[in-house]
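Colleague: This is the content of data22.cif (mmCIF, C-alpha atoms and all ligand atoms):
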```
data_final
#
loop_
_atom_site.group_PDB
_atom_site.id
_atom_site.type_symbol
_atom_site.label_atom_id
_atom_site.label_comp_id
_atom_site.auth_asym_id
_atom_site.auth_seq_id
_atom_site.Cartn_x
_atom_site.Cartn_y
_atom_site.Cartn_z
ATOM 1 C CA MET A 151 0.000 0.000 0.000
ATOM 2 C CA GLN A 152 1.891 2.974 -1.358
ATOM 3 C CA ILE A 153 0.588 5.751 0.940
ATOM 4 C CA LEU A 154 1.415 3.620 3.968
ATOM 5 C CA LYS A 155 4.957 2.915 2.773
ATOM 6 C CA GLU A 156 5.517 6.612 2.095
ATOM 7 C CA ARG A 157 4.223 7.482 5.552
ATOM 8 C CA ILE A 158 6.503 4.894 7.175
ATOM 9 C CA LYS A 159 9.486 6.329 5.289
ATOM 10 C CA LYS A 160 8.537 9.887 6.251
ATOM 11 C CA ASP A 161 7.518 9.472 9.897
ATOM 12 C CA GLY A 162 8.842 6.087 11.079
ATOM 13 C CA ARG A 163 11.813 5.984 13.419
ATOM 14 C CA ILE A 164 14.087 2.961 13.630
ATOM 15 C CA ILE A 165 15.299 1.970 17.081
ATOM 16 C CA GLY A 166 18.248 -0.418 17.114
ATOM 17 C CA ASP A 167 17.977 -3.184 14.515
ATOM 18 C CA ASP A 168 14.453 -4.369 14.859
ATOM 19 C CA ILE A 169 11.990 -1.849 16.339
ATOM 20 C CA LEU A 170 10.108 0.592 14.141
ATOM 21 C CA LYS A 171 8.347 3.408 15.965
ATOM 22 C CA VAL A 172 5.290 4.785 14.221
ATOM 23 C CA ASP A 173 3.908 6.748 17.147
ATOM 24 C CA SER A 174 2.874 9.761 15.086
ATOM 25 C CA PHE A 175 0.205 7.924 13.046
ATOM 26 C CA LEU A 176 -0.411 4.415 14.424
ATOM 27 C CA ASN A 177 0.841 3.600 17.912
ATOM 28 C CA HIS A 178 0.214 6.726 19.959
ATOM 29 C CA GLN A 179 -1.264 9.497 17.842
ATOM 30 C CA ILE A 180 -3.588 8.049 15.187
ATOM 31 C CA ASP A 181 -4.296 9.317 11.672
ATOM 32 C CA PRO A 182 -8.008 8.538 11.145
ATOM 33 C CA ALA A 183 -7.936 9.072 7.362
ATOM 34 C CA LEU A 184 -5.049 6.632 7.006
ATOM 35 C CA MET A 185 -6.853 4.107 9.253
ATOM 36 C CA ASP A 186 -9.908 4.403 7.016
ATOM 37 C CA SER A 187 -7.791 3.732 3.912
ATOM 38 C CA ILE A 188 -6.251 0.724 5.658
ATOM 39 C CA GLY A 189 -9.721 -0.624 6.503
ATOM 40 C CA ALA A 190 -10.773 -0.198 2.857
ATOM 41 C CA GLU A 191 -7.637 -1.990 1.655
ATOM 42 C CA PHE A 192 -8.185 -4.995 3.959
ATOM 43 C CA TYR A 193 -11.795 -5.114 2.749
ATOM 44 C CA ARG A 194 -10.525 -5.226 -0.843
ATOM 45 C CA LEU A 195 -7.869 -7.855 -0.103
ATOM 46 C CA PHE A 196 -10.310 -10.160 1.702
ATOM 47 C CA SER A 197 -13.318 -9.439 -0.533
ATOM 48 C CA ASP A 198 -13.434 -13.130 -1.508
ATOM 49 C CA VAL A 199 -14.265 -14.274 2.031
ATOM 50 C CA LYS A 200 -17.330 -13.853 4.183
ATOM 51 C CA VAL A 201 -16.230 -12.219 7.419
ATOM 52 C CA ASP A 202 -18.506 -12.460 10.454
ATOM 53 C CA ARG A 203 -16.190 -10.819 12.948
ATOM 54 C CA VAL A 204 -12.911 -8.945 13.113
ATOM 55 C CA LEU A 205 -10.519 -9.745 15.965
ATOM 56 C CA THR A 206 -7.512 -7.744 17.108
ATOM 57 C CA ILE A 207 -5.489 -7.257 20.275
ATOM 58 C CA GLU A 208 -5.345 -4.136 22.419
ATOM 59 C CA ALA A 209 -4.299 -1.481 21.947
ATOM 60 C CA SER A 210 -2.572 -0.557 18.710
ATOM 61 C CA GLY A 211 -4.567 -2.810 16.397
ATOM 62 C CA ILE A 212 -7.920 -1.369 17.393
ATOM 63 C CA ALA A 213 -8.078 1.747 15.200
ATOM 64 C CA ALA A 214 -7.410 -0.048 11.916
ATOM 65 C CA ALA A 215 -9.510 -3.036 12.959
ATOM 66 C CA VAL A 216 -12.561 -0.910 13.698
ATOM 67 C CA MET A 217 -12.335 0.632 10.214
ATOM 68 C CA THR A 218 -11.958 -2.822 8.671
ATOM 69 C CA ALA A 219 -15.010 -4.065 10.572
ATOM 70 C CA LYS A 220 -16.959 -1.022 9.408
ATOM 71 C CA TYR A 221 -16.265 -1.965 5.749
ATOM 72 C CA PHE A 222 -17.273 -5.587 6.360
ATOM 73 C CA GLY A 223 -20.356 -4.453 8.305
ATOM 74 C CA CYS A 224 -19.507 -6.710 11.233
ATOM 75 C CA PRO A 225 -18.445 -6.316 14.874
ATOM 76 C CA LEU A 226 -14.873 -5.875 16.044
ATOM 77 C CA VAL A 227 -13.662 -7.685 19.148
ATOM 78 C CA PHE A 228 -10.330 -6.901 20.749
ATOM 79 C CA ALA A 229 -8.457 -9.360 22.901
ATOM 80 C CA LYS A 230 -7.312 -8.028 26.255
ATOM 81 C CA LYS A 231 -3.846 -8.465 27.681
ATOM 82 C CA SER A 232 -3.587 -9.530 31.268
ATOM 83 C CA ARG A 233 -0.554 -10.329 33.377
ATOM 84 C CA THR A 234 -2.568 -12.635 35.628
ATOM 85 C CA VAL A 235 -3.803 -16.044 34.554
ATOM 86 C CA ASN A 236 -7.521 -15.856 33.977
ATOM 87 C CA GLN A 237 -8.934 -19.325 34.384
ATOM 88 C CA SER A 238 -12.519 -18.203 34.244
ATOM 89 C CA ALA A 239 -14.756 -20.509 32.248
ATOM 90 C CA SER A 240 -16.214 -17.460 30.534
ATOM 91 C CA VAL A 241 -13.093 -16.596 28.537
ATOM 92 C CA TYR A 242 -10.802 -18.110 25.929
ATOM 93 C CA SER A 243 -7.185 -17.475 26.766
ATOM 94 C CA SER A 244 -3.777 -17.979 25.193
ATOM 95 C CA LYS A 245 -0.259 -16.901 26.087
ATOM 96 C CA ALA A 246 1.781 -14.441 24.008
ATOM 97 C CA PHE A 247 5.260 -13.123 24.583
ATOM 98 C CA SER A 248 5.280 -9.378 23.936
ATOM 99 C CA PHE A 249 7.987 -8.404 21.451
ATOM 100 C CA THR A 250 8.045 -4.760 22.506
ATOM 101 C CA HIS A 251 7.633 -5.173 26.274
ATOM 102 C CA LYS A 252 9.541 -8.455 26.675
ATOM 103 C CA THR A 253 6.901 -9.863 29.016
ATOM 104 C CA GLU A 254 4.475 -12.750 28.726
ATOM 105 C CA ASN A 255 0.837 -11.757 28.489
ATOM 106 C CA ASN A 256 -2.238 -13.813 28.894
ATOM 107 C CA VAL A 257 -4.464 -12.871 25.972
ATOM 108 C CA ILE A 258 -8.168 -13.226 26.715
ATOM 109 C CA VAL A 259 -11.474 -12.922 24.861
ATOM 110 C CA SER A 260 -14.901 -13.433 26.373
ATOM 111 C CA ARG A 261 -16.632 -16.536 25.028
ATOM 112 C CA GLU A 262 -19.659 -14.390 24.399
ATOM 113 C CA PHE A 263 -17.900 -12.571 21.560
ATOM 114 C CA ILE A 264 -16.673 -15.392 19.311
ATOM 115 C CA ARG A 265 -19.140 -18.066 18.280
ATOM 116 C CA PRO A 266 -18.501 -21.554 16.882
ATOM 117 C CA GLY A 267 -18.569 -21.685 13.087
ATOM 118 C CA GLU A 268 -17.973 -17.956 12.568
ATOM 119 C CA ASN A 269 -15.452 -16.664 10.026
ATOM 120 C CA VAL A 270 -13.000 -14.449 11.882
ATOM 121 C CA LEU A 271 -10.557 -12.030 10.240
ATOM 122 C CA ILE A 272 -7.606 -11.139 12.467
ATOM 123 C CA ILE A 273 -6.058 -7.655 12.190
ATOM 124 C CA ASP A 274 -2.894 -6.401 13.879
ATOM 125 C CA ASP A 275 -0.509 -3.484 13.543
ATOM 126 C CA PHE A 276 2.803 -5.412 13.398
ATOM 127 C CA LEU A 277 3.956 -8.929 12.655
ATOM 128 C CA ALA A 278 7.412 -9.792 14.017
ATOM 129 C CA ASN A 279 7.940 -13.218 15.601
ATOM 130 C CA GLY A 280 4.269 -14.083 15.311
ATOM 131 C CA CYS A 281 3.449 -14.571 19.007
ATOM 132 C CA ALA A 282 0.529 -12.137 19.073
ATOM 133 C CA LEU A 283 -0.964 -13.475 15.841
ATOM 134 C CA ARG A 284 -0.516 -17.086 16.948
ATOM 135 C CA ALA A 285 -2.330 -16.373 20.234
ATOM 136 C CA LEU A 286 -5.242 -14.770 18.358
ATOM 137 C CA LYS A 287 -5.441 -17.679 15.910
ATOM 138 C CA ASP A 288 -5.383 -20.086 18.853
ATOM 139 C CA ILE A 289 -8.315 -18.278 20.488
ATOM 140 C CA VAL A 290 -10.346 -18.430 17.253
ATOM 141 C CA LEU A 291 -9.699 -22.184 17.056
ATOM 142 C CA GLN A 292 -10.587 -22.678 20.741
ATOM 143 C CA ALA A 293 -13.935 -21.039 19.962
ATOM 144 C CA GLY A 294 -14.580 -23.520 17.143
ATOM 145 C CA ALA A 295 -14.500 -20.608 14.681
ATOM 146 C CA ASN A 296 -12.517 -20.271 11.417
ATOM 147 C CA PRO A 297 -9.470 -17.993 11.179
ATOM 148 C CA VAL A 298 -10.076 -16.970 7.548
ATOM 149 C CA GLY A 299 -7.014 -14.759 7.403
ATOM 150 C CA ALA A 300 -4.889 -12.103 9.007
ATOM 151 C CA GLY A 301 -4.462 -8.526 7.844
ATOM 152 C CA ILE A 302 -1.218 -6.987 9.040
ATOM 153 C CA ILE A 303 -0.357 -3.316 8.638
ATOM 154 C CA ILE A 304 3.447 -3.673 8.902
ATOM 155 C CA GLU A 305 5.181 -7.033 8.545
ATOM 156 C CA LYS A 306 8.859 -7.143 9.456
ATOM 157 C CA ALA A 307 9.640 -9.871 6.957
ATOM 158 C CA PHE A 308 13.188 -10.289 8.282
ATOM 159 C CA GLN A 309 11.650 -11.821 11.427
ATOM 160 C CA PRO A 310 10.179 -15.319 11.251
ATOM 161 C CA GLY A 311 6.502 -14.869 12.237
ATOM 162 C CA GLY A 312 5.067 -14.358 8.746
ATOM 163 C CA GLU A 313 6.873 -17.291 7.198
ATOM 164 C CA ASP A 314 6.055 -19.625 10.102
ATOM 165 C CA LEU A 315 2.354 -18.812 10.225
ATOM 166 C CA ARG A 316 1.955 -18.963 6.431
ATOM 167 C CA ALA A 317 3.622 -22.384 6.539
ATOM 168 C CA GLU A 318 1.011 -23.411 9.109
ATOM 169 C CA GLY A 319 -1.674 -22.513 6.577
ATOM 170 C CA LEU A 320 -2.788 -19.094 7.767
ATOM 171 C CA ARG A 321 -3.521 -16.636 4.962
ATOM 172 C CA ILE A 322 -1.707 -13.381 5.734
ATOM 173 C CA GLU A 323 -2.042 -10.144 3.757
ATOM 174 C CA SER A 324 0.407 -7.429 4.807
ATOM 175 C CA LEU A 325 0.138 -3.828 3.619
ATOM 176 C CA ALA A 326 3.850 -3.049 4.015
ATOM 177 C CA ARG A 327 6.523 -5.752 4.176
ATOM 178 C CA ILE A 328 9.898 -4.634 5.433
ATOM 179 C CA LYS A 329 12.808 -6.565 3.979
ATOM 180 C CA SER A 330 15.446 -4.874 6.130
ATOM 181 C CA MET A 331 15.929 -1.808 8.256
ATOM 182 C CA SER A 332 18.685 -0.100 10.190
ATOM 183 C CA GLU A 333 19.280 3.305 11.695
ATOM 184 C CA LYS A 334 22.069 3.870 9.193
ATOM 185 C CA GLU A 335 20.560 2.476 5.971
ATOM 186 C CA GLY A 336 16.889 3.244 6.601
ATOM 187 C CA ILE A 337 14.047 0.975 5.466
ATOM 188 C CA GLU A 338 13.860 -1.332 2.483
ATOM 189 C CA PHE A 339 10.487 -2.791 1.534
ATOM 190 C CA LEU A 340 9.959 -6.113 -0.215
HETATM 191 P P1 LIG B 1 5.110 -10.575 17.449
HETATM 192 O O1 LIG B 1 4.150 -11.133 18.454
HETATM 193 O O2 LIG B 1 4.748 -10.914 16.027
HETATM 194 O O3 LIG B 1 6.547 -10.856 17.784
HETATM 195 O O4 LIG B 1 5.007 -8.995 17.563
HETATM 196 C C1 LIG B 1 3.813 -8.353 17.203
HETATM 197 C C2 LIG B 1 3.350 -7.420 18.281
HETATM 198 O O5 LIG B 1 4.455 -6.726 18.887
HETATM 199 C C3 LIG B 1 2.456 -6.371 17.669
HETATM 200 O O6 LIG B 1 1.153 -6.536 18.211
HETATM 201 C C4 LIG B 1 3.066 -5.037 18.065
HETATM 202 O O7 LIG B 1 2.273 -4.447 19.058
HETATM 203 C C5 LIG B 1 4.420 -5.342 18.656
HETATM 204 N N1 LIG B 1 5.546 -5.028 17.748
HETATM 205 C C6 LIG B 1 6.409 -5.919 17.195
HETATM 206 N N2 LIG B 1 7.364 -5.307 16.500
HETATM 207 C C7 LIG B 1 7.124 -3.983 16.613
HETATM 208 C C8 LIG B 1 7.810 -2.818 16.110
HETATM 209 O O8 LIG B 1 8.832 -2.855 15.409
HETATM 210 N N3 LIG B 1 7.251 -1.624 16.427
HETATM 211 C C9 LIG B 1 6.123 -1.517 17.185
HETATM 212 N N4 LIG B 1 5.656 -0.287 17.418
HETATM 213 N N5 LIG B 1 5.459 -2.595 17.684
HETATM 214 C C10 LIG B 1 5.958 -3.813 17.400
#
```
Show how you would write the structure in this file as structure tokens.
Modeller:
Amino acid sequence: MQILKERIKKDGRIIGDDILKVDSFLNHQIDPALMDSIGAEFYRLFSDVKVDRVLTIEASGIAAAVMTAKYFGCPLVFAKKSRTVNQSASVYSSKAFSFTHKTENNVIVSREFIRPGENVLIIDDFLANGCALRALKDIVLQAGANPVGAGIIIEKAFQPGGEDLRAEGLRIESLARIKSMSEKEGIEFL
């Protein structure tokens, strides 16, 4: 998605070798017009599937996911992160190691909000090692629903998550795929 790549080049900041900060339009301050375009693009990319529900994880995926759900005309559910183990029978839960915070989160979704047999489209802001996406896919499967695909805004293709999850059969559509990045050389897209 060209406007997204241009925005990443213009406003993204590279920290070390593997963290991209996009706080000015995605992760702290949010550009609503860009989020709307992202929602429209995911709708176009997944126009061949019936989507009953969009699922993301708090907090940074929510803005783009709500726009995506608006285009599909379906609800958006966001998984919550909790440091304590929630063994309540009323939730689905899965563990995910946080790439940015270096902590393990328990990711939870109320059983009320994913139903067996539904087609669920997963949306997230970044794909790095794939822990967040794998936890969301796991929750969809626990619910007896179908993970019909994952829409990722920025995939860091030099990290293994995308390749691993595609090899496991998950359809992933990423709007910007980063081949390499460094503070010195900048960003190269695939
Ligand atoms: P993964 O679970 O695939 O290793 O990492 C994905 C999650 O970590 C995303 O939900 C995102 O919040 C965060 N993340 C991973 N890499 C980056 C990055 O380079 N920049 C930012 N801002 N977040 C990232």
Colleague: Any chance you could tabulate, as JSON lines, the residues of chain A at most 8 Å from ligand LIG 1 (chain B) with each one's nearest atom pair and distance in Å to one decimal, using only C-alpha atoms and all ligand atoms, in chain and rising number order?
Modeller:
```
{"residue": "A:Asp168", "atom": "CA", "partner": "B:LIG1", "partner_atom": "O8", "distance": 5.8}
{"residue": "A:Ile169", "atom": "CA", "partner": "B:LIG1", "partner_atom": "O8", "distance": 3.4}
{"residue": "A:Leu170", "atom": "CA", "partner": "B:LIG1", "partner_atom": "O8", "distance": 3.9}
{"residue": "A:Lys171", "atom": "CA", "partner": "B:LIG1", "partner_atom": "N4", "distance": 4.8}
{"residue": "A:Val172", "atom": "CA", "partner": "B:LIG1", "partner_atom": "N4", "distance": 6.0}
{"residue": "A:Asp173", "atom": "CA", "partner": "B:LIG1", "partner_atom": "N4", "distance": 7.3}
{"residue": "A:Asn177", "atom": "CA", "partner": "B:LIG1", "partner_atom": "N4", "distance": 6.2}
{"residue": "A:Ile207", "atom": "CA", "partner": "B:LIG1", "partner_atom": "O6", "distance": 7.0}
{"residue": "A:Ala209", "atom": "CA", "partner": "B:LIG1", "partner_atom": "O7", "distance": 7.8}
{"residue": "A:Ser210", "atom": "CA", "partner": "B:LIG1", "partner_atom": "O7", "distance": 6.2}
{"residue": "A:Gly211", "atom": "CA", "partner": "B:LIG1", "partner_atom": "O6", "distance": 7.1}
{"residue": "A:Ala246", "atom": "CA", "partner": "B:LIG1", "partner_atom": "O1", "distance": 6.9}
{"residue": "A:Phe247", "atom": "CA", "partner": "B:LIG1", "partner_atom": "O1", "distance": 6.5}
{"residue": "A:Ser248", "atom": "CA", "partner": "B:LIG1", "partner_atom": "O5", "distance": 5.8}
{"residue": "A:Phe249", "atom": "CA", "partner": "B:LIG1", "partner_atom": "O3", "distance": 4.6}
{"residue": "A:Thr250", "atom": "CA", "partner": "B:LIG1", "partner_atom": "C5", "distance": 5.3}
{"residue": "A:Asp274", "atom": "CA", "partner": "B:LIG1", "partner_atom": "O6", "distance": 5.9}
{"residue": "A:Asp275", "atom": "CA", "partner": "B:LIG1", "partner_atom": "O6", "distance": 5.8}
{"residue": "A:Phe276", "atom": "CA", "partner": "B:LIG1", "partner_atom": "C3", "distance": 4.4}
{"residue": "A:Leu277", "atom": "CA", "partner": "B:LIG1", "partner_atom": "O2", "distance": 4.0}
{"residue": "A:Ala278", "atom": "CA", "partner": "B:LIG1", "partner_atom": "O2", "distance": 3.5}
{"residue": "A:Asn279", "atom": "CA", "partner": "B:LIG1", "partner_atom": "O3", "distance": 3.5}
{"residue": "A:Gly280", "atom": "CA", "partner": "B:LIG1", "partner_atom": "O2", "distance": 3.3}
{"residue": "A:Cys281", "atom": "CA", "partner": "B:LIG1", "partner_atom": "O1", "distance": 3.6}
{"residue": "A:Ala282", "atom": "CA", "partner": "B:LIG1", "partner_atom": "O1", "distance": 3.8}
{"residue": "A:Leu283", "atom": "CA", "partner": "B:LIG1", "partner_atom": "O1", "distance": 6.2}
{"residue": "A:Arg284", "atom": "CA", "partner": "B:LIG1", "partner_atom": "O1", "distance": 7.7}
{"residue": "A:Lys306", "atom": "CA", "partner": "B:LIG1", "partner_atom": "O8", "distance": 7.3}
{"residue": "A:Gly311", "atom": "CA", "partner": "B:LIG1", "partner_atom": "O2", "distance": 5.8}
```
Colleague: Write the selection just made, keeping C-alpha atoms, as a tab-separated table (two decimals), in the frame of the given file?
Modeller:
```tsv
chain	number	residue	atom	x	y	z
A	168	ASP	CA	14.45	-4.37	14.86
A	169	ILE	CA	11.99	-1.85	16.34
A	170	LEU	CA	10.11	0.59	14.14
A	171	LYS	CA	8.35	3.41	15.96
A	172	VAL	CA	5.29	4.78	14.22
A	173	ASP	CA	3.91	6.75	17.15
A	177	ASN	CA	0.84	3.60	17.91
A	207	ILE	CA	-5.49	-7.26	20.27
A	209	ALA	CA	-4.30	-1.48	21.95
A	210	SER	CA	-2.57	-0.56	18.71
A	211	GLY	CA	-4.57	-2.81	16.40
A	246	ALA	CA	1.78	-14.44	24.01
A	247	PHE	CA	5.26	-13.12	24.58
A	248	SER	CA	5.28	-9.38	23.94
A	249	PHE	CA	7.99	-8.40	21.45
A	250	THR	CA	8.04	-4.76	22.51
A	274	ASP	CA	-2.89	-6.40	13.88
A	275	ASP	CA	-0.51	-3.48	13.54
A	276	PHE	CA	2.80	-5.41	13.40
A	277	LEU	CA	3.96	-8.93	12.66
A	278	ALA	CA	7.41	-9.79	14.02
A	279	ASN	CA	7.94	-13.22	15.60
A	280	GLY	CA	4.27	-14.08	15.31
A	281	CYS	CA	3.45	-14.57	19.01
A	282	ALA	CA	0.53	-12.14	19.07
A	283	LEU	CA	-0.96	-13.48	15.84
A	284	ARG	CA	-0.52	-17.09	16.95
A	306	LYS	CA	8.86	-7.14	9.46
A	311	GLY	CA	6.50	-14.87	12.24
```
Colleague: Using the chain letters and residue numbers of this document, give as number ranges by chain the residues selected by the PyMOL selection byres (((chain A and resi 241) around 8) and not hetatm).
Modeller: A: 236-240, 242-243, 258-261
Colleague: Pick out the closest residue to Ala293 of chain A from this set: A:Ala215, A:Met331, A:Leu195, A:Ile264. Count only C-alpha atoms.
Modeller: A:Ile264
Colleague: Box for segment 181-195 of chain A - axis-aligned, 3 Å on each of the six sides, all listed atoms - centre and size in Å to one decimal, as lines of an AutoDock Vina configuration file.
Modeller:
```
center_x = -8.0
center_y = 0.7
center_z = 5.4
size_x = 13.5
size_y = 23.2
size_z = 18.5
```
Colleague: Fewer than 5 positions away in the same chain doesn't count, so skip those; otherwise give me all residues within 12 Å of Gly223 of chain A, counting only C-alpha atoms, as a list in words.
Modeller: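 Counting only the stated atoms, we get Gly189, Ala190, Tyr193, Lys200, Val201, Asp202, Arg203, Val204, Ala215, Val216, Met217 and Thr218 of chain A.
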Colleague: Assuming the chain letters and numbering stay as they are in my file, what does the PyMOL selection byres (((chain A and resi 317-326) around 7) and not hetatm) actually select? List them as JSON, numbers by chain.
Modeller: {"A": [151, 155, 299, 300, 301, 302, 303, 304, 305, 313, 314, 315, 316, 327, 328]}
Colleague: Figure out the distance between atom CA of Lys245 of chain A and atom CA of Asn296 of chain A, please, to one decimal in Å.
Modeller: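 Atom-to-atom, atom CA of Asn296 of chain A to atom CA of Lys245 of chain A, that is 19.4 Å.
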Colleague: Quick one, how far is atom CA of Val227 of chain A from atom CA of Gln179 of chain A?
Modeller: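 Computing it gives 21.2 Å between the two atoms.
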Colleague: Calculate how many Å separate atom CA of Leu176 of chain A from atom CA of Ala213 of chain A, rounding to one decimal.
Modeller: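 Those two atoms sit 8.2 Å apart.
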Colleague: Considering only C-alpha atoms, can you say which of A:Gly312, A:Asn269, A:Glu335, A:Leu205 comes closest to Val298 of chain A?
Modeller: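 Of all the options, A:Asn269 lies closest to Val298 of chain A.
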Colleague: Between A:Ile337, A:Ile273, A:Lys220, A:Ile212, single out the one closest to His178 of chain A, counting all atoms listed in the file.
Modeller: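 Under the stated criterion, the closest residue is A:Ile212.
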Colleague: Taking the file as I've supplied it (selection: the PyMOL selection byres (((chain A and resi 294) around 6) and not hetatm)), which residues are included? Please answer as a VMD selection string.
Modeller: chain A and resid 266 to 267 291 to 293 295
Colleague: Mind filling out segment 230-254 of chain A with N, CA and C atoms and sending it as a tab-separated table (two decimals), keeping the file's coordinate frame?
Modeller:
```
chain	number	residue	atom	x	y	z
A	230	LYS	N	-7.94	-8.81	25.19
A	230	LYS	CA	-7.31	-8.03	26.26
A	230	LYS	C	-6.05	-8.73	26.72
A	231	LYS	N	-5.09	-7.91	27.15
A	231	LYS	CA	-3.85	-8.46	27.68
A	231	LYS	C	-3.91	-8.41	29.19
A	232	SER	N	-3.54	-9.52	29.82
A	232	SER	CA	-3.59	-9.53	31.27
A	232	SER	C	-2.35	-10.23	31.78
A	233	ARG	N	-1.76	-9.71	32.83
A	233	ARG	CA	-0.55	-10.33	33.38
A	233	ARG	C	-0.92	-11.50	34.30
A	234	THR	N	-2.17	-11.54	34.73
A	234	THR	CA	-2.57	-12.64	35.63
A	234	THR	C	-3.29	-13.72	34.82
A	235	VAL	N	-3.16	-14.93	35.26
A	235	VAL	CA	-3.80	-16.04	34.55
A	235	VAL	C	-5.30	-15.99	34.85
A	236	ASN	N	-6.07	-15.89	33.78
A	236	ASN	CA	-7.52	-15.86	33.98
A	236	ASN	C	-8.07	-17.23	33.61
A	237	GLN	N	-8.46	-17.96	34.65
A	237	GLN	CA	-8.93	-19.32	34.38
A	237	GLN	C	-10.46	-19.40	34.38
A	238	SER	N	-11.07	-18.24	34.25
A	238	SER	CA	-12.52	-18.20	34.24
A	238	SER	C	-13.06	-19.00	33.06
A	239	ALA	N	-14.15	-19.70	33.31
A	239	ALA	CA	-14.76	-20.51	32.25
A	239	ALA	C	-15.40	-19.61	31.20
A	240	SER	N	-15.52	-18.34	31.48
A	240	SER	CA	-16.21	-17.46	30.53
A	240	SER	C	-15.30	-16.84	29.48
A	241	VAL	N	-14.00	-17.17	29.54
A	241	VAL	CA	-13.09	-16.60	28.54
A	241	VAL	C	-12.27	-17.68	27.83
A	242	TYR	N	-11.86	-17.35	26.60
A	242	TYR	CA	-10.80	-18.11	25.93
A	242	TYR	C	-9.50	-17.40	26.26
A	243	SER	N	-8.44	-18.16	26.48
A	243	SER	CA	-7.18	-17.48	26.77
A	243	SER	C	-6.01	-18.20	26.13
A	244	SER	N	-4.98	-17.42	25.81
A	244	SER	CA	-3.78	-17.98	25.19
A	244	SER	C	-2.60	-17.10	25.62
A	245	LYS	N	-1.43	-17.68	25.64
A	245	LYS	CA	-0.26	-16.90	26.09
A	245	LYS	C	0.46	-16.29	24.88
A	246	ALA	N	0.98	-15.06	25.07
A	246	ALA	CA	1.78	-14.44	24.01
A	246	ALA	C	2.92	-13.66	24.63
A	247	PHE	N	4.12	-13.89	24.12
A	247	PHE	CA	5.26	-13.12	24.58
A	247	PHE	C	5.26	-11.79	23.84
A	248	SER	N	5.33	-10.70	24.58
A	248	SER	CA	5.28	-9.38	23.94
A	248	SER	C	6.66	-8.98	23.41
A	249	PHE	N	6.72	-8.75	22.10
A	249	PHE	CA	7.99	-8.40	21.45
A	249	PHE	C	8.51	-7.07	21.96
A	250	THR	N	7.60	-6.10	22.13
A	250	THR	CA	8.04	-4.76	22.51
A	250	THR	C	8.27	-4.61	24.01
A	251	HIS	N	7.50	-5.33	24.82
A	251	HIS	CA	7.63	-5.17	26.27
A	251	HIS	C	8.44	-6.29	26.94
A	252	LYS	N	8.74	-7.32	26.18
A	252	LYS	CA	9.54	-8.46	26.68
A	252	LYS	C	8.92	-9.10	27.93
A	253	THR	N	7.61	-9.20	27.91
A	253	THR	CA	6.90	-9.86	29.02
A	253	THR	C	5.91	-10.86	28.41
A	254	GLU	N	5.48	-11.82	29.23
A	254	GLU	CA	4.47	-12.75	28.73
A	254	GLU	C	3.09	-12.28	29.16
```
